[in-house]
Amino acid sequence: MSGDNADEGTNPGTGGAEDETRNPGTGPSDQGVPVDAMRRLAALEPGKAGSIFTSDLSVNEFLLVREVGFRPIGLVLGSSIYHVGIQLGRWNKNQELETLSQAMYHARELAMTRMEAEAAQLGADGIVGVRLSVEAREFGNDIAEFIAIGTAVKSDHPAPGGTAWRNNKGQPFTSDLSGQDFWTLIRAGYAPLGMVMGTCVYHIAHQRMGSTFSNFGKNVEIEKFTQALYDARELAMARMQAEAEELDAEGVVGVQLNAHNHRWGGHTTEFFSIGTAVRPLRSDHEIERPTMVLSLDG
């Protein structure tokens, strides 16, 4: 991926084209999920006597998810191999590289949507333990694979009040919470709605030679750098919150705010914010009292 070009020109707004590689002969479904994946999911036959499930949950997570009434029914994933184009920015100006921001968001959204399509194929109510990652591939410097993977689950009972566990868009809920945190959330009277995210690819202005020399040997804040990082994080956070509002969420838990340079160079960084939007299941929220465990080792 590239995007930090030391160019005094204006933003041309190029790049962001998708380049997906699929296994020839299998053919994608309407959602972009390979037919082979749909066959694998169909073979799982959740709920049928003698059928198996697949899961990336640990033993403890599996048992805790079962304890709150959810059955793992299959491992689901989504993938998008994406070409992220070039965008030029002013050498000495703090600015968002909007085309790159859109590309990074779209690539992740494709992976998440395909994972949700696999879960819907299984008749799942939701997906727990979701991991969303970006991996560089050797196809080229501007190409990366965006991967979403988690365990599809189905509830043994409807949500309180007879409502559905799926979110207000009719999609299976998604959550990146651990099995332990998912157990705590449900027991306390909350439910996940979906993973929400916001991204901002930002070019941090280079210092002019005079400014660099004037600060030599001094303890001094580099205000332009501070403001750039502050602005970029705020944009990512605001976009994540907007997604939560679309789901009618009460709040977002487990938020992570990360910075990634990818392959753009030192002055272009992606700020990525992600968390799980939640809603109340009931008006009272009784929190499980923590129990003390004393180790008998050494």
# chains A, B, ... in the order shown; residues from 1 in each chain; ligands from 1
call {"tool": "residues_around", "arguments": {"residues": "Gln102 (chain A)", "least_positions_apart": "4", "cutoff": "10 Å", "atoms": "only C-alpha atoms", "output": "list of chain:residue names"}}
result
A:Gly15, A:Gly16, A:Val84, A:Leu97, A:Glu98, A:His106, A:Ala107, A:Thr199, A:Cys200, A:Val201
call {"tool": "closest_residue", "arguments": {"among": "A:Gln241, A:Thr151, A:Ser133, A:Asn167", "to": "Ile81 (chain A)", "atoms": "only C-alpha atoms"}}
result
A:Ser133
call {"tool": "closest_residue", "arguments": {"among": "A:Leu294, A:Ala136, A:Leu100, A:Val65", "to": "Lys154 (chain A)", "atoms": "only C-alpha atoms"}}
result
A:Val65
call {"tool": "residues_around", "arguments": {"residues": "Ala188 (chain A)", "least_positions_apart": "3", "cutoff": "8 Å", "atoms": "only C-alpha atoms", "output": "ChimeraX atom specification"}}
result
/A:184-185,285-288
call {"tool": "write_last_selection", "arguments": {"atoms": "all heavy atoms", "output": "JSON list (two decimals), in the first residue's frame"}}
result
[["chain", "number", "residue", "atom", "x", "y", "z"],
["A", 184, "THR", "N", -20.58, -12.29, 30.69],
["A", 184, "THR", "CA", -20.84, -11.23, 31.66],
["A", 184, "THR", "C", -21.88, -10.25, 31.12],
["A", 184, "THR", "O", -22.79, -9.81, 31.85],
["A", 184, "THR", "CB", -19.55, -10.47, 32.00],
["A", 184, "THR", "OG1", -18.58, -11.40, 32.50],
["A", 184, "THR", "CG2", -19.79, -9.39, 33.03],
["A", 185, "LEU", "N", -21.77, -9.92, 29.84],
["A", 185, "LEU", "CA", -22.69, -8.97, 29.22],
["A", 185, "LEU", "C", -24.12, -9.49, 29.25],
["A", 185, "LEU", "O", -25.05, -8.78, 29.67],
["A", 185, "LEU", "CB", -22.25, -8.71, 27.77],
["A", 185, "LEU", "CG", -22.94, -7.56, 27.03],
["A", 185, "LEU", "CD1", -22.43, -6.22, 27.54],
["A", 185, "LEU", "CD2", -22.71, -7.67, 25.53],
["A", 285, "HIS", "N", -30.13, -4.17, 35.80],
["A", 285, "HIS", "CA", -28.87, -4.79, 35.39],
["A", 285, "HIS", "C", -28.12, -5.26, 36.62],
["A", 285, "HIS", "O", -27.38, -4.50, 37.24],
["A", 285, "HIS", "CB", -28.03, -3.80, 34.57],
["A", 285, "HIS", "CG", -28.73, -3.27, 33.37],
["A", 285, "HIS", "ND1", -29.02, -4.05, 32.27],
["A", 285, "HIS", "CD2", -29.24, -2.05, 33.10],
["A", 285, "HIS", "CE1", -29.67, -3.33, 31.37],
["A", 285, "HIS", "NE2", -29.82, -2.11, 31.84],
["A", 286, "GLU", "N", -28.37, -6.51, 36.96],
["A", 286, "GLU", "CA", -27.70, -7.09, 38.12],
["A", 286, "GLU", "C", -26.34, -7.64, 37.70],
["A", 286, "GLU", "O", -26.27, -8.55, 36.89],
["A", 286, "GLU", "CB", -28.56, -8.21, 38.73],
["A", 286, "GLU", "CG", -29.90, -7.72, 39.27],
["A", 286, "GLU", "CD", -30.70, -8.84, 39.89],
["A", 286, "GLU", "OE1", -30.14, -9.97, 40.00],
["A", 286, "GLU", "OE2", -31.85, -8.60, 40.26],
["A", 287, "ILE", "N", -25.31, -7.05, 38.26],
["A", 287, "ILE", "CA", -23.96, -7.44, 37.89],
["A", 287, "ILE", "C", -23.51, -8.59, 38.79],
["A", 287, "ILE", "O", -23.68, -8.54, 40.01],
["A", 287, "ILE", "CB", -22.98, -6.25, 38.05],
["A", 287, "ILE", "CG1", -23.56, -5.00, 37.36],
["A", 287, "ILE", "CG2", -21.61, -6.61, 37.50],
["A", 287, "ILE", "CD1", -23.81, -5.17, 35.90],
["A", 288, "GLU", "N", -22.99, -9.63, 38.17],
["A", 288, "GLU", "CA", -22.47, -10.76, 38.94],
["A", 288, "GLU", "C", -21.34, -10.28, 39.85],
["A", 288, "GLU", "O", -20.42, -9.58, 39.42],
["A", 288, "GLU", "CB", -21.93, -11.84, 37.99],
["A", 288, "GLU", "CG", -22.99, -12.54, 37.17],
["A", 288, "GLU", "CD", -23.75, -13.57, 37.98],
["A", 288, "GLU", "OE1", -23.18, -14.11, 38.94],
["A", 288, "GLU", "OE2", -24.92, -13.83, 37.63]]
call {"tool": "closest_residue", "arguments": {"among": "A:Met195, A:His157, A:Arg66, A:Ser51", "to": "Arg108 (chain A)", "atoms": "only C-alpha atoms"}}
result
A:Met195
call {"tool": "closest_residue", "arguments": {"among": "A:Val130, A:Val68, A:Leu235, A:Met38", "to": "Ala191 (chain A)", "atoms": "only C-alpha atoms"}}
result
A:Val68
call {"tool": "atom_distance", "arguments": {"atom1": "CA of Gly254 (chain A)", "atom2": "CA of Arg289 (chain A)"}}
result
20.0 Å
call {"tool": "closest_atom_pairs", "arguments": {"of": "region 139-190 of chain A", "to": "region 115-126 of chain A", "cutoff": "10 Å", "atoms": "only C-alpha atoms", "output": "CSV"}}
result
residue,atom,partner,partner_atom,distance
A:Ile147,CA,A:Met115,CA,9.0
A:Ala148,CA,A:Met115,CA,6.4
A:Ile149,CA,A:Met115,CA,6.8
A:Gly150,CA,A:Met115,CA,8.0
A:Thr151,CA,A:Gly126,CA,8.4
A:Ala152,CA,A:Ala119,CA,5.6
A:Val153,CA,A:Ala124,CA,5.4
A:Lys154,CA,A:Ala124,CA,4.9
A:Ser155,CA,A:Asp125,CA,6.6
A:Pro158,CA,A:Asp125,CA,9.9
A:Ala164,CA,A:Asp125,CA,8.1
A:Trp165,CA,A:Asp125,CA,5.8
A:Arg166,CA,A:Asp125,CA,5.6
A:Asn167,CA,A:Gly126,CA,9.0
A:Gly170,CA,A:Asp125,CA,9.6
A:Gln171,CA,A:Glu116,CA,7.3
A:Pro172,CA,A:Gly126,CA,4.2
A:Phe173,CA,A:Gly126,CA,4.3
A:Thr174,CA,A:Gly126,CA,5.7
A:Ser175,CA,A:Gly126,CA,8.1
call {"tool": "closest_residue", "arguments": {"among": "A:Pro34, A:Gly275, A:Pro280, A:Gly78", "to": "Arg187 (chain A)", "atoms": "only C-alpha atoms"}}
result
A:Pro280
call {"tool": "select_by_dssp", "arguments": {"residues": "region 25-247 of chain A", "states": "strand (DSSP E)", "output": "ChimeraX atom specification"}}
result
/A:70-83,95-96,126-136,143-155,173-174,190-203
